[in-house]
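Next comes input-v3.tsv, a file with TSV, C-alpha atoms.
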chain	number	residue	atom	x	y	z
A	278	MET	CA	21.28	67.32	16.53
A	279	PRO	CA	18.31	68.22	14.26
A	280	TYR	CA	18.99	70.67	11.45
A	281	GLN	CA	17.33	74.07	11.64
A	282	ALA	CA	16.19	76.15	8.68
A	283	SER	CA	19.26	78.35	9.17
A	284	ASP	CA	21.50	75.33	8.49
A	285	ILE	CA	20.17	74.92	4.96
A	286	PRO	CA	22.18	76.80	2.32
A	287	PRO	CA	20.26	79.59	0.55
A	288	ALA	CA	18.15	78.53	-2.40
A	289	ALA	CA	19.43	78.53	-5.94
A	290	PRO	CA	17.26	78.55	-9.07
A	291	ALA	CA	15.53	75.18	-9.30
A	292	ILE	CA	16.87	72.76	-11.83
A	293	GLY	CA	15.06	69.50	-11.83
A	294	PHE	CA	12.76	67.43	-13.79
A	295	PRO	CA	7.48	68.75	-14.87
A	296	ALA	CA	1.38	67.42	-12.47
A	297	GLY	CA	-0.90	68.27	-8.95
A	298	THR	CA	-4.18	69.62	-7.61
A	299	GLY	CA	-5.70	69.50	-4.18
A	300	PHE	CA	-7.94	66.90	-2.65
A	301	ASN	CA	-10.77	66.27	-0.27
A	302	GLY	CA	-10.65	63.20	1.94
A	303	SER	CA	-12.84	60.22	1.13
A	304	VAL	CA	-12.81	56.70	2.48
A	305	ASN	CA	-12.28	53.46	0.62
A	306	GLY	CA	-13.99	50.17	1.30
A	307	LYS	CA	-11.54	49.25	4.04
A	308	GLY	CA	-12.13	52.48	5.93
A	309	HIS	CA	-8.73	53.98	5.14
A	310	SER	CA	-8.35	57.61	4.10
A	311	VAL	CA	-7.99	58.09	0.34
A	312	GLN	CA	-7.35	61.43	-1.34
A	313	THR	CA	-9.44	62.60	-4.29
A	314	ALA	CA	-9.15	65.61	-6.54
A	315	GLY	CA	-10.44	68.94	-5.25
A	316	ALA	CA	-10.17	72.63	-6.03
A	317	THR	CA	-6.88	73.49	-4.29
A	318	ALA	CA	-3.70	72.73	-6.23
A	319	SER	CA	-1.55	69.95	-4.80
A	320	ALA	CA	2.12	69.47	-5.53
A	321	ILE	CA	1.38	66.17	-7.30
A	322	GLU	CA	-1.85	64.72	-8.65
A	323	LEU	CA	-2.23	61.44	-10.47
A	324	ASP	CA	-5.78	61.11	-11.76
A	325	GLU	CA	-6.76	57.65	-13.04
A	326	ALA	CA	-3.26	57.28	-14.53
A	327	SER	CA	-2.40	54.02	-16.28
A	328	VAL	CA	0.93	52.86	-17.70
A	329	ALA	CA	1.28	50.13	-20.32
A	330	PHE	CA	4.25	48.70	-22.20
A	331	ARG	CA	4.36	46.84	-25.52
A	332	LEU	CA	6.24	43.54	-25.15
A	333	ALA	CA	8.55	41.93	-27.70
A	334	ASP	CA	5.75	39.62	-28.87
A	335	ALA	CA	3.50	42.66	-29.47
A	336	ARG	CA	1.30	41.97	-26.44
A	337	VAL	CA	0.54	44.93	-24.14
A	338	TYR	CA	1.49	44.69	-20.48
A	339	THR	CA	-0.39	47.04	-18.15
A	340	ALA	CA	1.95	47.88	-15.28
A	341	VAL	CA	-0.20	50.40	-13.40
A	342	GLU	CA	-3.95	50.78	-13.83
A	343	ARG	CA	-6.05	53.83	-12.93
A	344	ALA	CA	-3.84	55.13	-10.13
A	345	SER	CA	-5.12	58.23	-8.33
A	346	LEU	CA	-2.99	60.00	-5.75
A	347	ALA	CA	-2.76	63.58	-4.51
A	348	VAL	CA	0.22	64.89	-2.55
A	349	ARG	CA	0.08	68.26	-0.82
A	350	ASP	CA	2.95	70.69	-0.90
A	351	GLY	CA	5.24	69.81	2.02
A	352	GLU	CA	3.71	66.35	2.53
A	353	PHE	CA	5.83	63.20	2.88
A	354	ILE	CA	4.27	60.15	1.20
A	355	ALA	CA	5.75	56.64	1.28
A	356	ILE	CA	4.73	54.07	-1.32
A	357	VAL	CA	4.97	50.37	-0.40
A	358	GLY	CA	4.02	47.27	-2.34
A	359	PRO	CA	5.22	43.92	-3.67
A	360	THR	CA	8.26	43.66	-5.93
A	361	GLY	CA	7.36	44.64	-9.48
A	362	CYS	CA	4.06	46.31	-8.60
A	363	GLY	CA	4.85	49.65	-10.26
A	364	LYS	CA	6.11	51.79	-7.38
A	365	SER	CA	9.03	53.12	-9.42
A	366	THR	CA	6.69	53.53	-12.38
A	367	LEU	CA	4.66	56.05	-10.35
A	368	LEU	CA	7.85	57.99	-9.64
A	369	ASN	CA	8.77	57.95	-13.33
A	370	LEU	CA	5.30	59.25	-14.20
A	371	THR	CA	5.76	62.10	-11.73
A	372	ALA	CA	9.23	62.83	-13.10
A	373	GLY	CA	7.90	63.03	-16.65
A	374	LEU	CA	10.10	60.11	-17.72
A	375	LEU	CA	6.97	58.16	-18.71
A	376	ALA	CA	3.71	59.39	-20.20
A	377	PRO	CA	0.45	57.80	-19.00
A	378	ALA	CA	-1.41	55.59	-21.46
A	379	SER	CA	-4.57	57.10	-19.99
A	380	GLY	CA	-5.41	59.50	-17.19
A	381	THR	CA	-3.50	62.64	-16.25
A	382	VAL	CA	-0.53	63.81	-14.21
A	383	ARG	CA	-0.44	67.34	-12.81
A	384	ILE	CA	2.23	69.28	-10.95
A	385	PHE	CA	1.00	72.24	-8.88
A	386	GLY	CA	-2.16	72.22	-10.99
A	387	ALA	CA	-0.47	72.23	-14.41
A	388	PRO	CA	-0.60	69.23	-16.78
A	389	LEU	CA	2.73	67.44	-17.06
A	390	THR	CA	3.75	67.17	-20.72
A	391	THR	CA	7.55	66.97	-20.50
A	392	LEU	CA	10.26	66.44	-17.89
A	393	ASN	CA	9.21	67.66	-14.46
A	394	ARG	CA	11.51	70.63	-13.93
A	395	GLN	CA	10.20	71.09	-10.38
A	396	ALA	CA	11.32	67.67	-9.14
A	397	GLY	CA	14.61	66.18	-8.04
A	398	TYR	CA	15.07	62.40	-8.36
A	399	LEU	CA	17.25	60.31	-6.04
A	400	PHE	CA	17.69	56.81	-7.46
A	401	GLN	CA	18.54	53.58	-5.67
A	402	ALA	CA	21.82	53.32	-7.57
A	403	ASP	CA	24.50	55.96	-7.10
A	404	ALA	CA	24.52	58.64	-9.80
A	405	LEU	CA	27.94	60.12	-9.03
A	406	PHE	CA	30.65	60.78	-11.61
A	407	PRO	CA	33.59	58.60	-10.53
A	408	TRP	CA	36.18	61.04	-11.92
A	409	LYS	CA	34.78	63.99	-9.93
A	410	THR	CA	35.22	64.72	-6.23
A	411	ALA	CA	32.28	64.89	-3.84
A	412	LEU	CA	32.37	68.69	-4.07
A	413	GLU	CA	32.41	68.64	-7.86
A	414	ASN	CA	29.58	66.09	-8.00
A	415	VAL	CA	27.36	68.32	-5.87
A	416	ALA	CA	28.28	71.54	-7.71
A	417	ILE	CA	27.78	70.19	-11.22
A	418	GLY	CA	23.99	70.60	-11.15
A	419	LEU	CA	24.40	74.35	-10.78
A	420	GLU	CA	27.34	74.58	-13.16
A	421	VAL	CA	25.47	72.98	-16.08
A	422	ALA	CA	22.65	75.47	-15.46
A	423	GLY	CA	25.08	78.32	-15.99
A	424	ALA	CA	26.08	79.25	-12.44
A	425	PRO	CA	29.67	80.53	-12.12
A	426	GLN	CA	31.97	77.77	-10.92
A	427	ALA	CA	33.03	79.65	-7.80
A	428	GLU	CA	29.41	80.26	-6.78
A	429	ALA	CA	28.38	76.66	-7.50
A	430	ARG	CA	31.25	75.23	-5.48
A	431	ASN	CA	30.64	77.59	-2.59
A	432	ARG	CA	27.04	76.40	-2.42
A	433	ALA	CA	28.18	72.80	-2.77
A	434	GLU	CA	30.41	73.25	0.27
A	435	GLY	CA	27.36	74.45	2.20
A	436	TRP	CA	25.36	71.37	1.24
A	437	LEU	CA	28.19	68.99	2.05
A	438	ASN	CA	28.29	70.59	5.50
A	439	ALA	CA	24.50	70.19	5.77
A	440	VAL	CA	24.74	66.43	5.14
A	441	GLY	CA	27.71	65.99	7.47
A	442	LEU	CA	30.44	65.67	4.83
A	443	GLY	CA	32.14	69.05	5.08
A	444	ALA	CA	35.57	67.42	5.46
A	445	PHE	CA	35.09	65.03	2.52
A	446	GLY	CA	34.70	67.42	-0.41
A	447	ASN	CA	38.04	66.48	-1.99
A	448	ARG	CA	37.36	62.72	-1.96
A	449	TYR	CA	36.34	60.70	-4.99
A	450	PRO	CA	33.31	58.36	-4.83
A	451	HIS	CA	35.41	55.20	-4.50
A	452	MET	CA	36.94	56.69	-1.34
A	453	LEU	CA	33.53	57.06	0.32
A	454	SER	CA	31.37	54.49	2.12
A	455	GLY	CA	27.93	53.59	0.80
A	456	GLY	CA	26.26	55.88	3.32
A	457	GLN	CA	28.60	58.75	2.46
A	458	ARG	CA	27.86	58.36	-1.25
A	459	LYS	CA	24.14	58.52	-0.47
A	460	ARG	CA	24.75	61.77	1.44
A	461	VAL	CA	26.55	63.21	-1.58
A	462	GLY	CA	23.64	62.11	-3.78
A	463	LEU	CA	21.15	63.78	-1.45
A	464	ALA	CA	23.16	67.02	-1.51
A	465	GLN	CA	23.41	66.71	-5.31
A	466	VAL	CA	19.60	66.74	-5.56
A	467	LEU	CA	18.87	69.34	-2.86
A	468	ILE	CA	21.35	71.95	-4.11
A	469	ARG	CA	18.99	72.52	-7.05
A	470	ASP	CA	16.17	73.40	-4.60
A	471	PRO	CA	13.45	71.28	-6.21
A	472	LYS	CA	9.90	71.69	-4.95
A	473	ILE	CA	9.34	67.92	-5.13
A	474	LEU	CA	11.63	65.06	-4.05
A	475	LEU	CA	11.26	61.67	-5.75
A	476	MET	CA	13.16	58.95	-3.91
A	477	ASP	CA	13.34	55.40	-5.27
A	478	GLU	CA	14.54	53.11	-2.45
A	479	PRO	CA	17.49	55.44	-1.87
A	480	PHE	CA	18.66	53.63	1.27
A	481	GLY	CA	17.92	50.09	0.09
A	482	PRO	CA	21.55	48.95	-0.44
A	483	LEU	CA	22.69	50.22	2.98
A	484	ASP	CA	23.03	48.23	6.19
A	485	ALA	CA	20.30	48.65	8.81
A	486	GLN	CA	22.30	50.96	11.07
A	487	THR	CA	23.30	53.28	8.22
A	488	ARG	CA	19.71	53.32	6.95
A	489	GLN	CA	18.53	54.64	10.31
A	490	ILE	CA	21.19	57.35	10.26
A	491	MET	CA	20.25	58.35	6.71
A	492	GLY	CA	16.55	58.32	7.60
A	493	ASN	CA	17.13	60.73	10.48
A	494	LEU	CA	19.27	62.97	8.26
A	495	LEU	CA	16.52	63.04	5.62
A	496	LEU	CA	13.88	63.92	8.22
A	497	ASP	CA	16.05	66.71	9.66
A	498	LEU	CA	16.60	68.26	6.23
A	499	TRP	CA	12.94	67.85	5.26
A	500	THR	CA	11.73	69.39	8.54
A	501	ALA	CA	13.92	72.46	7.94
A	502	ASP	CA	12.66	72.98	4.37
A	503	ARG	CA	9.54	70.94	3.74
A	504	LYS	CA	9.04	69.74	0.20
A	505	ALA	CA	6.55	67.31	-1.27
A	506	VAL	CA	8.16	63.86	-1.09
A	507	LEU	CA	7.31	60.58	-2.83
A	508	PHE	CA	9.45	57.89	-1.19
A	509	VAL	CA	9.41	54.32	-2.54
A	510	THR	CA	10.49	51.52	-0.21
A	511	HIS	CA	9.96	47.79	0.39
A	512	ASP	CA	10.42	48.37	4.12
A	513	LEU	CA	7.07	49.01	5.82
A	514	GLU	CA	8.75	50.05	9.09
A	515	GLU	CA	10.84	52.63	7.23
A	516	ALA	CA	7.72	53.94	5.47
A	517	ILE	CA	5.80	54.46	8.73
A	518	ALA	CA	8.79	56.02	10.52
A	519	LEU	CA	9.35	58.60	7.78
A	520	ALA	CA	6.01	59.47	6.25
A	521	ASP	CA	2.85	61.49	6.82
A	522	ARG	CA	0.92	58.91	4.78
A	523	VAL	CA	1.68	55.35	3.66
A	524	VAL	CA	0.21	54.28	0.31
A	525	ILE	CA	-0.09	50.58	-0.57
A	526	MET	CA	-0.08	49.19	-4.11
A	527	SER	CA	-1.50	45.85	-5.18
A	528	ALA	CA	0.45	43.10	-6.91
A	529	GLY	CA	0.77	43.44	-10.66
A	530	PRO	CA	0.01	43.29	-13.45
A	531	GLY	CA	-2.46	46.15	-13.52
A	532	SER	CA	-1.34	47.38	-10.10
A	533	ARG	CA	-3.64	49.79	-8.28
A	534	ILE	CA	-3.45	51.91	-5.17
A	535	ILE	CA	-5.50	49.92	-2.66
A	536	GLY	CA	-4.81	51.67	0.65
A	537	ASP	CA	-3.82	55.05	2.04
A	538	TRP	CA	-3.05	55.34	5.76
A	539	GLN	CA	-2.47	58.55	7.70
A	540	VAL	CA	0.52	58.32	10.06
A	541	VAL	CA	-0.48	60.24	13.18
A	542	LEU	CA	2.79	59.73	15.06
A	543	PRO	CA	4.21	63.00	16.44
A	544	ARG	CA	7.04	64.94	14.81
A	545	PRO	CA	9.95	65.46	15.05
A	546	ARG	CA	10.73	61.74	14.95
A	547	ASP	CA	13.76	59.60	15.61
A	548	ILE	CA	13.80	56.60	13.24
A	549	PHE	CA	14.82	54.18	15.99
A	550	GLU	CA	12.82	55.58	18.89
A	551	ILE	CA	9.54	55.88	16.98
A	552	ARG	CA	9.57	52.13	16.28
A	553	LEU	CA	9.15	51.51	20.01
A	554	ASP	CA	5.87	53.47	20.09
A	555	LYS	CA	2.67	51.40	20.63
A	556	GLU	CA	0.88	53.43	17.95
A	557	PHE	CA	3.65	52.54	15.50
A	558	HIS	CA	3.08	48.83	16.07
A	559	ALA	CA	-0.70	49.17	15.83
A	560	LEU	CA	-0.41	50.97	12.50
A	561	HIS	CA	2.12	48.42	11.25
A	562	ARG	CA	-0.30	45.56	12.03
A	563	ASP	CA	-3.15	47.39	10.30
A	564	ILE	CA	-1.20	48.03	7.10
A	565	TRP	CA	0.49	44.61	7.05
A	566	SER	CA	-2.90	42.90	7.28
A	567	VAL	CA	-3.57	44.25	3.76
A	568	LEU	CA	-0.03	44.26	2.37
A	569	LYS	CA	0.87	40.63	3.19
A	570	ALA	CA	-1.75	39.23	0.79
A	571	GLU	CA	-0.39	41.41	-2.02
A	572	VAL	CA	3.20	40.34	-1.29
A	573	ALA	CA	2.11	36.69	-1.54
A	574	LYS	CA	0.37	37.38	-4.86
A	575	GLY	CA	3.50	39.12	-6.14
A	576	TYR	CA	5.61	36.03	-5.45
A	577	GLU	CA	3.01	33.79	-7.09
A	578	HIS	CA	3.00	35.94	-10.25
A	579	ALA	CA	6.79	35.87	-10.37
A	580	MET	CA	6.97	32.06	-10.28
A	581	PRO	CA	7.33	30.32	-13.67
A	582	PRO	CA	4.38	28.13	-14.69
A	583	ALA	CA	4.65	24.45	-13.81
A	584	PRO	CA	5.73	22.19	-16.70
A	585	LYS	CA	2.91	20.40	-18.48
A	586	GLY	CA	2.20	17.05	-16.94
A	587	ALA	CA	3.75	17.96	-13.59
A	588	ALA	CA	1.96	16.50	-10.60
Structure encoded using structure tokens:
Amino acid sequence: MPYQASDIPPAAPAIGFPAGTGFNGSVNGKGHSVQTAGATASAIELDEASVAFRLADARVYTAVERASLAVRDGEFIAIVGPTGCGKSTLLNLTAGLLAPASGTVRIFGAPLTTLNRQAGYLFQADALFPWKTALENVAIGLEVAGAPQAEARNRAEGWLNAVGLGAFGNRYPHMLSGGQRKRVGLAQVLIRDPKILLMDEPFGPLDAQTRQIMGNLLLDLWTADRKAVLFVTHDLEEAIALADRVVIMSAGPGSRIIGDWQVVLPRPRDIFEIRLDKEFHALHRDIWSVLKAEVAKGYEHAMPPAPKGAA
């Protein structure tokens, strides 16, 4: 049963990670909608942002080159691209964990110069303390911010109920399934009431059935309290089923944003049912026609060079 706004525990002071202005629609060469900077503040704005790393041999590797992306407050954006194309790098830019080599990052119109305190980050790997119970893992974000323990744990109970784990608060992480640990991780992020959710393949390690369940849970929680979401995934079907827009990145090095598709499928959505929709399949074909070439390039770049003299 979908969650309603009344099911979400009351907000606590945000504790999270610090860029964003608005945009006007333009169209790229392939006819797909691309967002450009405008006068109204967006939740997130990357403006010609590049990221480069110095390698051990002193060469410079450009991971992401001149990426521009605007995300409205309350908008759900999925980022898809080949392995190693810089999807996670964009999240780390938005989290303030990396500084751009050039270009700018803004959050709600303000330049990002340190950790993004308005964002919560859900990683692919579990970030639970193994010696703490599910309840304690969820409450700790408020406790370290100075909330009284009783208050923090009362709110944690509310969030465990919201993610369907009300009866599991006294269990340690090793006693929980992979899907249950992801639910605890989601509650751990949401209890801090961030304005932005950064999600780096959070359901990647889960089996297909559990991924669908977690996708529906995420959509229910997001529908009840819409935040700006950047969701990284390798799964194009998952991206379309969840998002308002699907953004495609090119193969690296020097990855760029090369496509931005609006998902016009109706909400609320069921992750399984929406995949049966004809419009879903038409959009999937349209995006895959661009993405498949980049996936092939990504594999080519990852292959070691042939030995000299090989036929």
_Point-to-point distance in Å for CA of Ile321 in chain A and CA of Ala378 in chain A_ =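 Taking CA of Ala378 in chain A and CA of Ile321 in chain A, their separation equals 17.9 Å.
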*asked:* Set the distance at 12 Å and use only C-alpha atoms: which residues neighbour Pro388 in chain A once local chain neighbours fewer than 5 positions away are removed? I'd like the list as a ChimeraX atom specification.
replied: /A:295-298,318,320-324,370-371,373,376-377,380-383,393
*Rounded to one decimal place, report the CA of Leu474 in chain A-CA of Glu342 in chain A distance in Å.*
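Atom-to-atom, CA of Leu474 in chain A to CA of Glu342 in chain A, that is 23.3 Å.
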_Can you pull out the residues contacting Ala516 in chain A? Cut-off 12 Å, using all atoms listed in the file, and skip same-chain residues under 3 positions away; I want them as a PyMOL selection string._
chain A and resi 353-358+476+478+480+489+492+506-513+519-525+538-540+548+551-552+557+560-561+564-565
With C-alpha atoms retained, write the just-selected residues as a PDB file, in the coordinates of the input.
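Written out: selection_16.pdb:
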ATOM      1  CA  PHE A 353       5.830  63.200   2.880  1.00  0.00           C
ATOM      2  CA  ILE A 354       4.270  60.150   1.200  1.00  0.00           C
ATOM      3  CA  ALA A 355       5.750  56.640   1.280  1.00  0.00           C
ATOM      4  CA  ILE A 356       4.730  54.070  -1.320  1.00  0.00           C
ATOM      5  CA  VAL A 357       4.970  50.370  -0.400  1.00  0.00           C
ATOM      6  CA  GLY A 358       4.020  47.270  -2.340  1.00  0.00           C
ATOM      7  CA  MET A 476      13.160  58.950  -3.910  1.00  0.00           C
ATOM      8  CA  GLU A 478      14.540  53.110  -2.450  1.00  0.00           C
ATOM      9  CA  PHE A 480      18.660  53.630   1.270  1.00  0.00           C
ATOM     10  CA  GLN A 489      18.530  54.640  10.310  1.00  0.00           C
ATOM     11  CA  GLY A 492      16.550  58.320   7.600  1.00  0.00           C
ATOM     12  CA  VAL A 506       8.160  63.860  -1.090  1.00  0.00           C
ATOM     13  CA  LEU A 507       7.310  60.580  -2.830  1.00  0.00           C
ATOM     14  CA  PHE A 508       9.450  57.890  -1.190  1.00  0.00           C
ATOM     15  CA  VAL A 509       9.410  54.320  -2.540  1.00  0.00           C
ATOM     16  CA  THR A 510      10.490  51.520  -0.210  1.00  0.00           C
ATOM     17  CA  HIS A 511       9.960  47.790   0.390  1.00  0.00           C
ATOM     18  CA  ASP A 512      10.420  48.370   4.120  1.00  0.00           C
ATOM     19  CA  LEU A 513       7.070  49.010   5.820  1.00  0.00           C
ATOM     20  CA  LEU A 519       9.350  58.600   7.780  1.00  0.00           C
ATOM     21  CA  ALA A 520       6.010  59.470   6.250  1.00  0.00           C
ATOM     22  CA  ASP A 521       2.850  61.490   6.820  1.00  0.00           C
ATOM     23  CA  ARG A 522       0.920  58.910   4.780  1.00  0.00           C
ATOM     24  CA  VAL A 523       1.680  55.350   3.660  1.00  0.00           C
ATOM     25  CA  VAL A 524       0.210  54.280   0.310  1.00  0.00           C
ATOM     26  CA  ILE A 525      -0.090  50.580  -0.570  1.00  0.00           C
ATOM     27  CA  TRP A 538      -3.050  55.340   5.760  1.00  0.00           C
ATOM     28  CA  GLN A 539      -2.470  58.550   7.700  1.00  0.00           C
ATOM     29  CA  VAL A 540       0.520  58.320  10.060  1.00  0.00           C
ATOM     30  CA  ILE A 548      13.800  56.600  13.240  1.00  0.00           C
ATOM     31  CA  ILE A 551       9.540  55.880  16.980  1.00  0.00           C
ATOM     32  CA  ARG A 552       9.570  52.130  16.280  1.00  0.00           C
ATOM     33  CA  PHE A 557       3.650  52.540  15.500  1.00  0.00           C
ATOM     34  CA  LEU A 560      -0.410  50.970  12.500  1.00  0.00           C
ATOM     35  CA  HIS A 561       2.120  48.420  11.250  1.00  0.00           C
ATOM     36  CA  ILE A 564      -1.200  48.030   7.100  1.00  0.00           C
ATOM     37  CA  TRP A 565       0.490  44.610   7.050  1.00  0.00           C
TER      38      TRP A 565
END
*Could you check how far CA of Gln457 in chain A sits from CA of Asp403 in chain A, in Å to one decimal?*
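Rounded to one decimal, the two atoms are 10.8 Å apart.
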*May I have the protein, DNA and RNA residues with any atom at most 9 Å from the point (21.3, 68.0, -2.5), counting all atoms listed in the file, written as a list in words?*
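Selection result: Gly397, Val415, Ala433, Trp436, Leu437, Val440, Arg460, Val461, Gly462, Leu463, Ala464, Gln465, Val466, Leu467, Ile468, Arg469 and Asp470 of chain A.
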Would you export the selected residues with C-alpha atoms as a compact mmCIF listing (two decimals), in the coordinates of the input, please?
# COMPACT_ATOMS: atom_id res chain seq x y z
CA GLY A 397 14.61 66.18 -8.04
CA VAL A 415 27.36 68.32 -5.87
CA ALA A 433 28.18 72.80 -2.77
CA TRP A 436 25.36 71.37 1.24
CA LEU A 437 28.19 68.99 2.05
CA VAL A 440 24.74 66.43 5.14
CA ARG A 460 24.75 61.77 1.44
CA VAL A 461 26.55 63.21 -1.58
CA GLY A 462 23.64 62.11 -3.78
CA LEU A 463 21.15 63.78 -1.45
CA ALA A 464 23.16 67.02 -1.51
CA GLN A 465 23.41 66.71 -5.31
CA VAL A 466 19.60 66.74 -5.56
CA LEU A 467 18.87 69.34 -2.86
CA ILE A 468 21.35 71.95 -4.11
CA ARG A 469 18.99 72.52 -7.05
CA ASP A 470 16.17 73.40 -4.60
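Considering only C-alpha atoms, the residue among A:Ala429, A:Val337, A:Leu346, A:Ala505 positioned nearest to Ala396 in chain A is A:Ala505.
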*Looking at A:Ser379, A:Ser319, A:Asn369, A:Thr360, which one is nearest to Ala344 in chain A, with distances taken over all atoms listed in the file?*
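Closest residue, counting all atoms listed in the file: A:Ser379.
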For range 349-360 of chain A, supply N, CA and C atoms and format the output as a tab-separated table (two decimals), in the frame of the given file.
chain	number	residue	atom	x	y	z
A	349	ARG	N	0.03	66.83	-1.12
A	349	ARG	CA	0.08	68.26	-0.82
A	349	ARG	C	1.51	68.77	-0.81
A	350	ASP	N	1.65	70.05	-1.03
A	350	ASP	CA	2.95	70.69	-0.90
A	350	ASP	C	3.45	70.51	0.54
A	351	GLY	N	4.67	70.02	0.70
A	351	GLY	CA	5.24	69.81	2.02
A	351	GLY	C	4.87	68.49	2.67
A	352	GLU	N	4.14	67.62	1.97
A	352	GLU	CA	3.71	66.35	2.53
A	352	GLU	C	4.67	65.23	2.15
A	353	PHE	N	4.91	64.31	3.07
A	353	PHE	CA	5.83	63.20	2.88
A	353	PHE	C	5.01	61.93	2.71
A	354	ILE	N	5.05	61.34	1.51
A	354	ILE	CA	4.27	60.15	1.20
A	354	ILE	C	5.22	59.00	0.92
A	355	ALA	N	5.00	57.86	1.57
A	355	ALA	CA	5.75	56.64	1.28
A	355	ALA	C	4.87	55.68	0.51
A	356	ILE	N	5.45	55.04	-0.50
A	356	ILE	CA	4.73	54.07	-1.32
A	356	ILE	C	5.35	52.69	-1.09
A	357	VAL	N	4.52	51.73	-0.70
A	357	VAL	CA	4.97	50.37	-0.40
A	357	VAL	C	4.13	49.40	-1.21
A	358	GLY	N	4.75	48.30	-1.61
A	358	GLY	CA	4.02	47.27	-2.34
A	358	GLY	C	4.94	46.13	-2.72
A	359	PRO	N	4.40	45.06	-3.30
A	359	PRO	CA	5.22	43.92	-3.67
A	359	PRO	C	6.24	44.29	-4.74
A	360	THR	N	7.27	43.48	-4.87
A	360	THR	CA	8.26	43.66	-5.93
A	360	THR	C	7.57	43.64	-7.29
